[in-house]
Every structure is written in structure tokens, then in C-alpha cells.
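Participant: Sending over protein_5.txt (compact mmCIF, C-alpha atoms and all ligand atoms).
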```txt
# COMPACT_ATOMS: atom_id res chain seq x y z
CA MET A 1258 -7.78 7.88 -4.79
CA LYS A 1259 -6.14 5.00 -6.63
CA PRO A 1260 -2.92 3.18 -5.80
CA ILE A 1261 -0.09 4.45 -8.03
CA ARG A 1262 2.36 2.16 -9.80
CA LEU A 1263 5.79 3.81 -9.74
CA ALA A 1264 8.34 3.77 -12.54
CA ALA A 1265 12.05 3.39 -11.85
CA ASN A 1266 13.67 6.61 -10.56
CA ARG A 1267 17.43 6.35 -11.08
CA PHE A 1268 20.12 9.02 -11.31
CA PRO A 1269 23.91 8.91 -11.07
CA ARG A 1270 25.64 8.52 -7.72
CA PHE A 1271 29.38 8.38 -7.00
CA TYR A 1272 29.58 4.62 -6.43
CA ARG A 1273 28.95 1.62 -8.65
CA GLY A 1274 25.91 -0.62 -8.68
CA GLY A 1275 22.39 -1.09 -9.94
CA SER A 1276 22.47 -4.30 -11.97
CA ALA A 1277 20.55 -6.15 -9.25
CA ILE A 1278 17.88 -3.41 -9.35
CA ASP A 1279 17.47 -4.10 -13.08
CA GLY A 1280 17.32 -7.79 -12.20
CA LEU A 1281 14.64 -7.26 -9.54
CA ARG A 1282 12.51 -4.99 -11.71
CA GLY A 1283 13.02 -7.16 -14.80
CA THR A 1284 14.18 -4.18 -16.84
CA ALA A 1285 17.02 -3.95 -19.33
CA PRO A 1286 20.28 -2.68 -17.85
CA GLN A 1287 20.22 1.13 -18.02
CA ALA A 1288 22.79 3.01 -20.04
CA GLY A 1289 25.50 4.21 -17.69
CA GLY A 1290 24.09 1.68 -15.23
CA ALA A 1291 27.42 1.14 -13.54
CA PHE A 1292 26.81 4.31 -11.53
CA LEU A 1293 23.03 3.98 -11.00
CA PRO A 1294 23.05 2.06 -7.71
CA GLU A 1295 19.89 3.60 -6.23
CA ASP A 1296 16.21 3.84 -7.18
CA TRP A 1297 14.31 6.37 -5.05
CA VAL A 1298 10.79 5.04 -4.65
CA GLY A 1299 7.86 7.40 -4.12
CA SER A 1300 10.34 10.15 -3.28
CA THR A 1301 9.60 13.78 -2.46
CA THR A 1302 13.25 14.19 -1.40
CA THR A 1303 16.06 15.66 -3.52
CA ALA A 1304 19.66 14.53 -3.60
CA PHE A 1305 22.01 16.77 -1.57
CA GLY A 1306 22.86 19.86 -3.62
CA SER A 1307 20.27 19.17 -6.36
CA ASP A 1308 16.81 20.68 -6.99
CA GLU A 1309 15.67 17.83 -9.20
CA ASP A 1310 17.51 14.53 -8.74
CA GLY A 1311 15.62 12.13 -6.53
CA LEU A 1312 12.10 13.46 -7.08
CA THR A 1313 9.61 10.83 -8.23
CA ARG A 1314 7.70 11.79 -11.37
CA LEU A 1315 4.16 10.58 -11.94
CA GLU A 1316 2.59 9.49 -15.22
CA ASP A 1317 1.42 13.03 -16.05
CA GLY A 1318 5.03 14.27 -15.82
CA GLY A 1319 4.52 16.23 -12.60
CA THR A 1320 6.39 15.46 -9.40
CA LEU A 1321 4.96 13.43 -6.55
CA ARG A 1322 6.04 16.31 -4.31
CA ALA A 1323 3.68 18.70 -6.17
CA ALA A 1324 0.87 16.14 -6.12
CA VAL A 1325 1.20 15.67 -2.36
CA ALA A 1326 1.36 19.45 -1.81
CA ALA A 1327 -1.89 19.79 -3.80
CA ASP A 1328 -3.73 17.16 -1.73
CA PRO A 1329 -1.80 16.48 1.47
CA GLU A 1330 -4.77 15.09 3.37
CA GLY A 1331 -5.63 12.67 0.57
CA PHE A 1332 -2.09 11.36 0.28
CA LEU A 1333 -1.06 11.42 3.93
CA GLY A 1334 -4.21 11.39 6.05
CA PRO A 1335 -5.24 13.91 8.74
CA GLY A 1336 -3.20 12.44 11.62
CA HIS A 1337 0.03 12.42 9.63
CA LEU A 1338 -0.64 15.90 8.26
CA GLU A 1339 -1.08 17.30 11.76
CA ALA A 1340 2.13 15.67 13.03
CA PHE A 1341 4.47 16.17 10.06
CA GLY A 1342 2.94 18.75 7.75
CA ASP A 1343 2.83 17.89 4.05
CA SER A 1344 6.06 15.85 4.06
CA PRO A 1345 5.61 12.07 3.77
CA ALA A 1346 8.42 11.98 6.40
CA LEU A 1347 9.88 8.95 4.64
CA LEU A 1348 12.32 8.11 1.86
CA VAL A 1349 12.37 4.60 0.39
CA LYS A 1350 15.15 3.34 -1.89
CA LEU A 1351 16.24 0.25 -3.66
CA LEU A 1352 20.01 0.15 -3.30
CA HIS A 1353 22.47 -2.23 -4.93
CA ALA A 1354 26.11 -1.99 -3.95
CA GLY A 1355 28.12 -2.85 -7.06
CA GLU A 1356 31.23 -2.20 -5.00
CA ARG A 1357 31.66 -2.00 -1.25
CA LEU A 1358 30.30 1.39 -0.23
CA PRO A 1359 32.67 3.77 1.54
CA VAL A 1360 32.49 4.02 5.31
CA HIS A 1361 30.11 6.87 6.14
CA CYS A 1362 27.48 8.01 8.61
CA HIS A 1363 24.52 10.37 8.84
CA PRO A 1364 23.62 13.16 11.26
CA ASP A 1365 20.72 12.89 13.68
CA ARG A 1366 17.84 15.39 13.93
CA GLU A 1367 19.46 17.49 16.63
CA PHE A 1368 22.72 17.86 14.68
CA ALA A 1369 20.82 18.57 11.43
CA ARG A 1370 18.61 21.15 13.10
CA ARG A 1371 21.53 22.91 14.75
CA HIS A 1372 24.02 22.92 11.88
CA LEU A 1373 22.09 22.27 8.66
CA ASP A 1374 18.78 24.04 9.22
CA CYS A 1375 16.94 20.78 8.57
CA PRO A 1376 14.35 19.17 10.88
CA TRP A 1377 15.23 15.63 9.76
CA GLY A 1378 18.36 13.58 10.31
CA LYS A 1379 18.99 10.35 8.46
CA THR A 1380 18.37 7.31 10.57
CA GLU A 1381 17.99 4.48 8.08
CA ALA A 1382 17.17 0.78 8.02
CA TRP A 1383 17.75 -2.03 5.59
CA VAL A 1384 15.73 -5.03 4.48
CA ILE A 1385 18.18 -7.27 2.65
CA ALA A 1386 16.53 -8.33 -0.61
CA GLY A 1387 19.35 -10.32 -2.21
CA ILE A 1388 23.09 -10.77 -2.53
CA ASP A 1389 24.92 -11.33 -5.82
CA GLY A 1390 28.49 -10.64 -4.81
CA PRO A 1391 31.36 -12.24 -2.95
CA GLU A 1392 30.84 -10.21 0.21
CA PRO A 1393 27.56 -10.98 2.06
CA VAL A 1394 28.44 -8.57 4.84
CA VAL A 1395 27.75 -5.09 6.18
CA HIS A 1396 30.12 -3.06 8.35
CA LEU A 1397 28.45 -1.49 11.35
CA GLY A 1398 29.58 0.49 14.40
CA PHE A 1399 33.02 0.65 16.00
CA ARG A 1400 34.02 -2.59 17.73
CA GLU A 1401 35.74 -0.60 20.50
CA PRO A 1402 35.21 3.03 21.54
CA MET A 1403 36.99 5.24 19.00
CA ASP A 1404 39.07 8.19 20.15
CA ARG A 1405 38.08 11.49 18.52
CA GLY A 1406 41.63 12.41 17.53
CA ARG A 1407 42.36 8.99 16.11
CA LEU A 1408 39.20 9.08 14.01
CA ALA A 1409 40.10 12.52 12.65
CA GLU A 1410 43.56 11.21 11.78
CA LEU A 1411 42.26 8.05 10.05
CA VAL A 1412 39.87 10.16 7.97
CA ALA A 1413 42.36 12.92 7.12
CA ALA A 1414 45.01 10.40 6.04
CA GLN A 1415 42.41 8.09 4.41
CA ARG A 1416 43.82 5.08 6.24
CA VAL A 1417 41.03 2.85 4.97
CA GLU A 1418 42.34 -0.49 6.17
CA PRO A 1419 42.47 0.31 9.89
CA LEU A 1420 39.23 2.32 9.60
CA LEU A 1421 37.34 -0.61 8.11
CA ALA A 1422 38.96 -3.06 10.54
CA SER A 1423 37.73 -0.95 13.46
CA LEU A 1424 34.11 -1.66 12.45
CA ASN A 1425 32.10 -4.81 13.10
CA ALA A 1426 31.76 -7.00 10.01
CA VAL A 1427 28.23 -8.42 10.17
CA PRO A 1428 27.22 -11.28 7.83
CA VAL A 1429 23.81 -10.76 6.22
CA ALA A 1430 21.43 -12.90 4.15
CA ALA A 1431 18.28 -12.18 2.16
CA GLY A 1432 15.40 -11.40 4.53
CA ASP A 1433 17.60 -9.94 7.29
CA THR A 1434 16.87 -6.47 8.63
CA VAL A 1435 19.24 -3.91 10.16
CA LEU A 1436 18.37 -0.62 11.86
CA VAL A 1437 21.14 1.96 11.37
CA PRO A 1438 20.66 4.80 13.86
CA ALA A 1439 21.94 8.23 12.80
CA GLY A 1440 25.59 8.61 13.75
CA LEU A 1441 26.48 4.93 13.46
CA PRO A 1442 29.38 4.50 10.99
CA HIS A 1443 28.61 1.89 8.35
CA ALA A 1444 29.37 0.45 4.93
CA ILE A 1445 27.49 -2.01 2.74
CA GLY A 1446 29.35 -4.95 1.22
CA GLN A 1447 29.67 -5.52 -2.51
CA GLY A 1448 26.70 -7.33 -4.07
CA VAL A 1449 24.15 -6.51 -1.38
CA LEU A 1450 20.70 -5.46 -2.67
CA LEU A 1451 18.42 -3.86 -0.14
CA VAL A 1452 15.16 -2.03 0.39
CA GLU A 1453 16.12 1.00 2.45
CA LEU A 1454 13.87 3.17 4.60
CA GLN A 1455 15.15 6.46 5.92
CA GLU A 1456 14.29 9.93 7.05
CA PRO A 1457 13.62 12.18 4.03
CA THR A 1458 17.11 13.64 3.56
CA ASP A 1459 20.35 12.94 1.70
CA LEU A 1460 22.79 14.01 4.44
CA SER A 1461 25.99 11.95 4.57
CA VAL A 1462 29.39 12.44 6.17
CA LEU A 1463 32.08 10.42 4.41
CA LEU A 1464 34.80 8.80 6.50
CA GLU A 1465 36.21 7.16 3.37
CA TRP A 1466 36.45 8.29 -0.27
CA GLU A 1467 39.84 7.06 -1.51
CA GLY A 1468 39.27 5.28 -4.85
CA PHE A 1469 35.66 6.49 -5.21
CA ALA A 1470 34.41 8.95 -7.83
CA ILE A 1471 34.08 11.80 -5.35
CA ASP A 1472 36.39 14.34 -3.78
CA GLY A 1473 35.53 13.57 -0.17
CA ARG A 1474 37.94 16.13 1.21
CA ARG A 1475 35.82 18.76 -0.53
CA ASP A 1476 32.35 17.17 -0.63
CA GLY A 1477 32.35 14.68 2.24
CA HIS A 1478 31.52 16.96 5.18
CA LEU A 1479 28.19 18.61 4.24
CA GLY A 1480 29.95 21.95 3.84
CA LEU A 1481 30.67 22.04 7.58
CA GLY A 1482 34.36 21.12 7.58
CA PHE A 1483 35.45 17.77 9.03
CA GLU A 1484 36.14 19.06 12.52
CA LEU A 1485 32.45 19.86 12.97
CA ALA A 1486 31.06 17.13 10.70
CA LEU A 1487 32.86 14.34 12.58
CA GLY A 1488 30.97 15.47 15.67
CA CYS A 1489 27.94 13.57 14.35
CA VAL A 1490 29.77 10.21 14.46
CA ASP A 1491 28.78 7.69 17.13
CA ARG A 1492 32.25 6.77 18.43
CA SER A 1493 31.01 4.39 21.11
CA GLY A 1494 31.79 0.67 21.04
CA TRP A 1495 29.19 -1.70 19.66
CA GLY A 1496 29.49 -5.28 20.96
CA PRO A 1497 27.44 -8.30 19.91
CA ASP A 1498 24.50 -7.56 22.24
CA ARG A 1499 24.02 -3.97 21.08
CA LEU A 1500 24.35 -5.07 17.45
CA ALA A 1501 21.79 -7.85 17.94
CA GLY A 1502 19.34 -5.18 19.11
CA LEU A 1503 19.56 -3.50 15.70
CA ARG A 1504 18.71 -6.71 13.86
CA ARG A 1505 15.67 -7.69 15.86
CA GLY A 1506 12.17 -7.69 14.35
CA ARG A 1507 8.78 -7.63 16.06
CA GLY A 1508 7.26 -10.84 14.70
CA PRO A 1509 3.70 -11.49 13.47
CA ASP A 1510 1.32 -8.55 13.69
CA ARG A 1511 -1.81 -9.82 11.91
CA PRO A 1512 -2.44 -12.64 9.39
CA GLY A 1513 0.19 -12.52 6.64
CA VAL A 1514 1.94 -9.51 8.17
CA GLU A 1515 5.16 -9.35 10.16
CA ARG A 1516 6.43 -6.14 11.80
CA LEU A 1517 10.07 -5.43 10.95
CA PHE A 1518 12.72 -3.47 12.90
CA PRO A 1519 13.00 -2.93 16.67
CA ALA A 1520 10.92 -0.33 18.53
CA GLY A 1521 13.80 2.16 18.24
CA ALA A 1522 12.88 2.61 14.57
CA ASP A 1523 9.33 3.80 15.29
CA PRO A 1524 10.06 7.55 15.53
CA PHE A 1525 11.61 7.37 12.03
CA PHE A 1526 9.62 4.88 9.95
CA ARG A 1527 7.81 1.57 10.14
CA ALA A 1528 7.92 -1.50 7.90
CA GLU A 1529 6.04 -4.73 7.47
CA ARG A 1530 6.75 -7.88 5.51
CA LEU A 1531 3.65 -9.12 3.69
CA ARG A 1532 3.23 -12.83 3.00
CA PRO A 1533 -0.49 -13.20 2.27
CA ASP A 1534 -2.03 -16.23 3.92
CA PRO A 1535 -4.19 -16.14 1.83
CA ALA A 1536 -4.70 -12.38 2.30
CA ALA A 1537 -2.82 -9.70 4.22
CA PRO A 1538 -5.12 -6.95 5.54
CA LEU A 1539 -4.00 -3.32 5.19
CA GLU A 1540 -5.32 -0.32 7.09
CA ALA A 1541 -5.64 3.02 5.26
CA ALA A 1542 -2.20 4.67 5.25
CA PHE A 1543 0.31 6.42 3.03
CA SER A 1544 2.54 3.47 2.23
CA ILE A 1545 4.97 2.17 -0.35
CA LEU A 1546 4.96 -1.47 -1.41
CA VAL A 1547 8.05 -3.15 -2.82
CA VAL A 1548 7.33 -6.64 -4.15
CA THR A 1549 10.41 -8.80 -3.58
CA ASP A 1550 9.12 -12.11 -4.97
CA GLY A 1551 6.11 -13.86 -6.46
CA SER A 1552 2.93 -12.25 -7.74
CA GLY A 1553 -0.55 -11.34 -6.54
CA ARG A 1554 -2.98 -8.48 -6.28
CA LEU A 1555 -3.50 -5.32 -4.26
CA GLU A 1556 -7.16 -4.49 -3.61
CA VAL A 1557 -8.06 -1.29 -1.77
CA SER A 1558 -11.21 0.84 -1.76
CA GLY A 1559 -9.79 3.14 -4.44
CA GLY A 1560 -8.90 0.40 -6.93
CA SER A 1561 -6.89 -2.75 -7.55
CA LEU A 1562 -3.56 -3.52 -9.19
CA GLY A 1563 -1.73 -6.68 -10.23
CA LEU A 1564 1.56 -7.13 -8.39
CA ARG A 1565 4.69 -8.97 -9.36
CA ARG A 1566 8.32 -9.14 -8.30
CA GLY A 1567 10.05 -5.80 -8.69
CA ASP A 1568 6.86 -3.73 -8.67
CA THR A 1569 6.77 -0.60 -6.54
CA VAL A 1570 3.41 0.92 -5.64
CA LEU A 1571 2.43 4.02 -3.66
CA VAL A 1572 -0.84 3.65 -1.75
CA PRO A 1573 -2.26 7.05 -0.72
CA TYR A 1574 -4.16 7.28 2.56
CA ALA A 1575 -7.37 8.08 0.68
CA ALA A 1576 -7.09 4.85 -1.34
CA GLY A 1577 -8.53 3.35 1.84
CA PRO A 1578 -8.07 -0.01 3.54
CA GLY A 1579 -7.82 -3.30 1.66
CA THR A 1580 -5.78 -6.45 1.19
CA VAL A 1581 -2.87 -7.96 -0.66
CA ARG A 1582 -3.50 -11.47 -1.99
CA GLY A 1583 -1.42 -14.01 -3.84
CA ARG A 1584 1.81 -15.93 -3.50
CA LEU A 1585 4.20 -13.09 -2.94
CA GLY A 1586 6.56 -11.41 -0.56
CA ALA A 1587 6.54 -7.63 -0.23
CA VAL A 1588 7.93 -4.97 2.05
CA ARG A 1589 5.34 -2.37 3.06
CA CYS A 1590 7.08 0.87 4.04
CA LEU A 1591 5.29 3.39 6.26
CA PRO A 1592 6.10 6.78 7.75
CA PRO A 1593 6.54 7.07 11.51
CA ALA A 1594 3.35 6.88 13.54
CA PRO A 1595 1.78 10.36 13.87
CA GLN A 1596 2.65 10.56 17.60
CA ALA A 1597 6.36 10.39 16.66
CA GLY A 1598 6.91 13.90 15.23
CA PRO A 1599 10.49 14.99 14.46
CA THR A 1600 10.92 16.22 18.04
CA GLY A 1601 9.46 12.99 19.35
CA GLN A 1602 6.62 14.96 20.89
CA GLY A 1603 4.21 15.21 18.00
CA ASP A 1604 5.39 18.68 16.88
CA GLY A 1605 5.54 19.32 13.15
CA PRO A 1606 8.95 19.94 11.61
ZN ZN B 1 24.08 5.20 4.98
```
Here is a file; write its structure as C-alpha cells.
Facilitator:
Amino acid sequence: MKPIRLAANRFPRFYRGGSAIDGLRGTAPQAGGAFLPEDWVGSTTTAFGSDEDGLTRLEDGGTLRAAVAADPEGFLGPGHLEAFGDSPALLVKLLHAGERLPVHCHPDREFARRHLDCPWGKTEAWVIAGIDGPEPVVHLGFREPMDRGRLAELVAAQRVEPLLASLNAVPVAAGDTVLVPAGLPHAIGQGVLLVELQEPTDLSVLLEWEGFAIDGRRDGHLGLGFELALGCVDRSGWGPDRLAGLRRGRGPDRPGVERLFPAGADPFFRAERLRPDPAAPLEAAFSILVVTDGSGRLEVSGGSLGLRRGDTVLVPYAAGPGTVRGRLGAVRCLPPAPQAGPTGQGDGP
């Protein structure tokens, strides 16, 4: 199988952004671009409530989801297939916050299984790719333990100022990484562009919606009602030491390759930063490359492709091992290791 160059995959969301995605990809600003803040890369996941939005389409017009279903072993490899079935178990996005995102959080697997009939939660992680706004910051976790009743009251009354002030404001710069475990309340500052890895769902609970193009009171609780939905929020206090644990990486792994994210991310996804020196070796794996700067070449058994800033490429397992060469930086996004099934015990979903 050959590596597959992926076209942009944008569709409207309820918050502004996207110009920095056009900038990264070197494409003309899209019509209606003010509300196209996300690009779902190599996605077999649909947006919440949609049958279509979010799915990556291949050159022949078919969906990646159908292509994977037709050849799961070729795309995913036998180990992955046994652990996760024919789901890539991964969603990758480019995300550009044209305005500060509302405070929100995502359910974990147990909550999603129990209340949403879904084997996946939405732990996510960010690789900051650039910042073009006045607010190089993300908001992450309550600074002090948050009382359940007080949280319900802040959300019901949409008291945004005290809600936001109760979160840690964490400065970020290009190259930083942040693991965001399911449940942790968070918001992304205006101007932040990131490569996002997450579990393959679109499950969000909104704690804030005032001033955004969405009726959060109606659509912010996953159809569960807020009393139940707010049960997925991590209301514990996050001090500097706990926060630092989310921002840690793993350091060099092999020549030209650095492992990103702390070990706590492993059951959900894995990521590497490639800086070929002069080559970065790749093992055979379903993976998604996002080139963040420079240019070079991907060479695997199944074929080779030129790479430049803004390119996104899906490498199927059956494309085999190979290398990336050149003067470039890229994020290589991978599903969880096969031994980390959704139950953490290697069971399929
Ligand atoms: Zn989120």
C-alpha cells in the first residue's frame, strides 16, 4: 500500500477560527472560514449528531472509513486489529482558535460506556504548532477543588468570569505539548494553533456558551441533562506539580525522533516529533504525519512522497517501514499501542 496525501477536511463548528490552518497549509482562506476552526485529518469519526461531517474523503470520493473497513489489516496491522477492531482508535485534528474557546470538558471511557453507549471517551492532547493572537495561554483544570453545587450554579447562570478565573491559566509556546485527560475542564486561548490527538469521538460537555453560536443550555450536555453531564467533570484541584506532569515529554527515542506526551497518554494515543538527522526511521504502523515546518521526503516500502510544511499524510501499516528525510519538523500521530485496548486490558471495544 502507498502513503496517502490527505486534502483539507473542514466543516463548520460553532466557534471562530481557521485562518492559521490556511496559513499552515498554504491554501487560500476558505469561504465562510471564520467558522472553520478545525481540520479533521485522516478521520473515520463523525461530528456529534452528524452522519457525514468529519469523515475524511479519499481521492476516489469514497470515505477513509469505508476504505479501512474494506482492508482493516492493511491499514491497521494485525496487532491493532485484534486489540481495537477496525477502528483506527485515533482522531487527529488541526485546530485554530480564532477566539478563546468556551470552557468545556469531555467524558472518559467509563462515563461514555455507561451513559452514551460508546466504548471511547475523549482524552485529548495538544502539540502547539503556532500562536498568532494576543493570548498565548490555555486554561486547564480547577486551581482549587470545585464544589459540585457551585459548579452547577456557575454553569446554570453562565457566570463566565468566575468560572474562567477558577481554572489555571497556563502560558504556552510553539512546540509545547499538553495532555488533557478526559474530565479535565479546559479552554484554548485565542490565536493558538495546535495539532490535536484524541480518542475517536466528538463528545463534549460545555461549561460555557454565553456569546458563542450555540445554545449550550440545549446542546451542551450530550442529551443527558446537566445534572448527569456535569458528573464527568474532574472537580479536583490541579496545582503546579500535577499540571507539570501533563506537559512532560519522553525525550529522544531513536535518531531524529522524540517521544511526546507523558506515559499517561499511552492508552489513548502516541505521538512523536520527527526532526530527521539526517533521517528519522519509521516502523510499519498506521500513522498520520503533520508537517509543521520545512520540507523533505517520506520513503516507505510502499512508495515515496515529497513533504512540505502543512502537508498531512496517512501511512497505512501495509506501506511498511521507512524513513523521513530532509530539513523538516513533523508530528507523527499513532494510535494507542495494541496492548492498551479501550478497557486497558487489550479487549476490543
Ligand atoms: Zn477539548
Participant: Mind running chain A against ligand ZN 1 (chain B) at 12 Å and telling me each contacting residue's nearest atom pair with the distance in Å (one decimal), counting only C-alpha atoms and all ligand atoms, chain and number ascending, as a Markdown table?
Facilitator:
```
| residue | atom | partner | partner_atom | distance |
| --- | --- | --- | --- | --- |
| A:Lys1350 | CA | B:ZN1 | ZN | 11.4 |
| A:Leu1352 | CA | B:ZN1 | ZN | 10.5 |
| A:Ala1354 | CA | B:ZN1 | ZN | 11.6 |
| A:Leu1358 | CA | B:ZN1 | ZN | 9.0 |
| A:Pro1359 | CA | B:ZN1 | ZN | 9.4 |
| A:Val1360 | CA | B:ZN1 | ZN | 8.5 |
| A:His1361 | CA | B:ZN1 | ZN | 6.4 |
| A:Cys1362 | CA | B:ZN1 | ZN | 5.7 |
| A:His1363 | CA | B:ZN1 | ZN | 6.5 |
| A:Pro1364 | CA | B:ZN1 | ZN | 10.1 |
| A:Gly1378 | CA | B:ZN1 | ZN | 11.5 |
| A:Lys1379 | CA | B:ZN1 | ZN | 8.0 |
| A:Thr1380 | CA | B:ZN1 | ZN | 8.3 |
| A:Glu1381 | CA | B:ZN1 | ZN | 6.9 |
| A:Ala1382 | CA | B:ZN1 | ZN | 8.7 |
| A:Trp1383 | CA | B:ZN1 | ZN | 9.6 |
| A:Val1395 | CA | B:ZN1 | ZN | 11.0 |
| A:His1396 | CA | B:ZN1 | ZN | 10.8 |
| A:Leu1397 | CA | B:ZN1 | ZN | 10.2 |
| A:Gly1398 | CA | B:ZN1 | ZN | 11.9 |
| A:Val1435 | CA | B:ZN1 | ZN | 11.5 |
| A:Leu1436 | CA | B:ZN1 | ZN | 10.7 |
| A:Val1437 | CA | B:ZN1 | ZN | 7.7 |
| A:Pro1438 | CA | B:ZN1 | ZN | 9.5 |
| A:Ala1439 | CA | B:ZN1 | ZN | 8.7 |
| A:Gly1440 | CA | B:ZN1 | ZN | 9.5 |
| A:Leu1441 | CA | B:ZN1 | ZN | 8.8 |
| A:Pro1442 | CA | B:ZN1 | ZN | 8.0 |
| A:His1443 | CA | B:ZN1 | ZN | 6.5 |
| A:Ala1444 | CA | B:ZN1 | ZN | 7.1 |
| A:Ile1445 | CA | B:ZN1 | ZN | 8.3 |
| A:Leu1451 | CA | B:ZN1 | ZN | 11.8 |
| A:Glu1453 | CA | B:ZN1 | ZN | 9.3 |
| A:Leu1454 | CA | B:ZN1 | ZN | 10.4 |
| A:Gln1455 | CA | B:ZN1 | ZN | 9.1 |
| A:Glu1456 | CA | B:ZN1 | ZN | 11.1 |
| A:Thr1458 | CA | B:ZN1 | ZN | 11.0 |
| A:Asp1459 | CA | B:ZN1 | ZN | 9.2 |
| A:Leu1460 | CA | B:ZN1 | ZN | 8.9 |
| A:Ser1461 | CA | B:ZN1 | ZN | 7.0 |
| A:Val1462 | CA | B:ZN1 | ZN | 9.1 |
| A:Leu1463 | CA | B:ZN1 | ZN | 9.6 |
| A:Leu1464 | CA | B:ZN1 | ZN | 11.4 |
```
Participant: One decimal, in Å: what's the spacing between atom CA of A:Gly1567 and atom CA of A:Gly1551?
Facilitator: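 Spanning atom CA of A:Gly1567 to atom CA of A:Gly1551 is a straight-line distance of 9.2 Å.
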Participant: I'd like the contact shell of A:Ala1542 - 7 Å cut-off, only C-alpha atoms, skipping same-chain residues fewer than 5 positions apart - returned as a list in words.
Facilitator: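 That gives Leu1333, Pro1573 and Tyr1574 of chain A.
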Participant: Please identify all polymer residues within 9 Å of stretch 1385-1388 of chain A, counting only C-alpha atoms, omitting same-chain residues fewer than 4 positions from it, and present them as an NGL selection string.
Facilitator: :A and (1277 or 1353 or 1392-1393 or 1429-1435 or 1447-1453 or 1549)
Participant: Once you have the residues from the selection above, write them out as a JSON list (two decimals), keeping the file's coordinate frame, restricted to C-alpha atoms.
Facilitator:
```json
[["chain", "number", "residue", "atom", "x", "y", "z"],
["A", 1277, "ALA", "CA", 20.55, -6.15, -9.25],
["A", 1353, "HIS", "CA", 22.47, -2.23, -4.93],
["A", 1392, "GLU", "CA", 30.84, -10.21, 0.21],
["A", 1393, "PRO", "CA", 27.56, -10.98, 2.06],
["A", 1429, "VAL", "CA", 23.81, -10.76, 6.22],
["A", 1430, "ALA", "CA", 21.43, -12.90, 4.15],
["A", 1431, "ALA", "CA", 18.28, -12.18, 2.16],
["A", 1432, "GLY", "CA", 15.40, -11.40, 4.53],
["A", 1433, "ASP", "CA", 17.60, -9.94, 7.29],
["A", 1434, "THR", "CA", 16.87, -6.47, 8.63],
["A", 1435, "VAL", "CA", 19.24, -3.91, 10.16],
["A", 1447, "GLN", "CA", 29.67, -5.52, -2.51],
["A", 1448, "GLY", "CA", 26.70, -7.33, -4.07],
["A", 1449, "VAL", "CA", 24.15, -6.51, -1.38],
["A", 1450, "LEU", "CA", 20.70, -5.46, -2.67],
["A", 1451, "LEU", "CA", 18.42, -3.86, -0.14],
["A", 1452, "VAL", "CA", 15.16, -2.03, 0.39],
["A", 1453, "GLU", "CA", 16.12, 1.00, 2.45],
["A", 1549, "THR", "CA", 10.41, -8.80, -3.58]]
```
Participant: Can you tell me, as a PyMOL selection string, what residues are no more than 12 Å from A:Glu1316 when counting all atoms listed in the file, ignoring any on the same chain fewer than 4 positions away?
Facilitator: chain A and resi 1261-1265+1320-1321+1324
Participant: When you look at A:Ala1594 with a cut-off of 12 Å (counting all atoms listed in the file), what residues show up, excluding the ones that are within fewer than 2 positions of it in the same chain? I need them as a PDB file with C-alpha atoms, keeping the file's coordinate frame.
Facilitator:
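After the write, part-v5.pdb holds the following:
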```
ATOM      1  CA  LEU A1333      -1.060  11.420   3.930  1.00  0.00           C
ATOM      2  CA  GLY A1334      -4.210  11.390   6.050  1.00  0.00           C
ATOM      3  CA  GLY A1336      -3.200  12.440  11.620  1.00  0.00           C
ATOM      4  CA  HIS A1337       0.030  12.420   9.630  1.00  0.00           C
ATOM      5  CA  LEU A1338      -0.640  15.900   8.260  1.00  0.00           C
ATOM      6  CA  GLU A1339      -1.080  17.300  11.760  1.00  0.00           C
ATOM      7  CA  ALA A1340       2.130  15.670  13.030  1.00  0.00           C
ATOM      8  CA  PHE A1341       4.470  16.170  10.060  1.00  0.00           C
ATOM      9  CA  PRO A1345       5.610  12.070   3.770  1.00  0.00           C
ATOM     10  CA  ALA A1346       8.420  11.980   6.400  1.00  0.00           C
ATOM     11  CA  LEU A1347       9.880   8.950   4.640  1.00  0.00           C
ATOM     12  CA  ALA A1520      10.920  -0.330  18.530  1.00  0.00           C
ATOM     13  CA  ALA A1522      12.880   2.610  14.570  1.00  0.00           C
ATOM     14  CA  ASP A1523       9.330   3.800  15.290  1.00  0.00           C
ATOM     15  CA  PRO A1524      10.060   7.550  15.530  1.00  0.00           C
ATOM     16  CA  PHE A1525      11.610   7.370  12.030  1.00  0.00           C
ATOM     17  CA  PHE A1526       9.620   4.880   9.950  1.00  0.00           C
ATOM     18  CA  ARG A1527       7.810   1.570  10.140  1.00  0.00           C
ATOM     19  CA  ALA A1528       7.920  -1.500   7.900  1.00  0.00           C
ATOM     20  CA  ALA A1542      -2.200   4.670   5.250  1.00  0.00           C
ATOM     21  CA  PHE A1543       0.310   6.420   3.030  1.00  0.00           C
ATOM     22  CA  SER A1544       2.540   3.470   2.230  1.00  0.00           C
ATOM     23  CA  CYS A1590       7.080   0.870   4.040  1.00  0.00           C
ATOM     24  CA  LEU A1591       5.290   3.390   6.260  1.00  0.00           C
ATOM     25  CA  PRO A1592       6.100   6.780   7.750  1.00  0.00           C
ATOM     26  CA  GLN A1596       2.650  10.560  17.600  1.00  0.00           C
ATOM     27  CA  ALA A1597       6.360  10.390  16.660  1.00  0.00           C
ATOM     28  CA  GLY A1598       6.910  13.900  15.230  1.00  0.00           C
ATOM     29  CA  PRO A1599      10.490  14.990  14.460  1.00  0.00           C
ATOM     30  CA  GLY A1601       9.460  12.990  19.350  1.00  0.00           C
ATOM     31  CA  GLN A1602       6.620  14.960  20.890  1.00  0.00           C
ATOM     32  CA  GLY A1603       4.210  15.210  18.000  1.00  0.00           C
TER      33      GLY A1603
END
```
Participant: Determine the nearest neighbour of A:Arg1371 from the options A:Phe1332, A:Ala1486, A:Ser1552, A:Leu1571, counting all atoms listed in the file.
Facilitator: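 Answer, going by the shortest atom-to-atom distance: A:Ala1486.
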Participant: What is the atom CA of A:Asp1510 to atom CA of A:Asp1550 distance in Å?
Facilitator: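 Here the two named atoms are 20.5 Å from each other.
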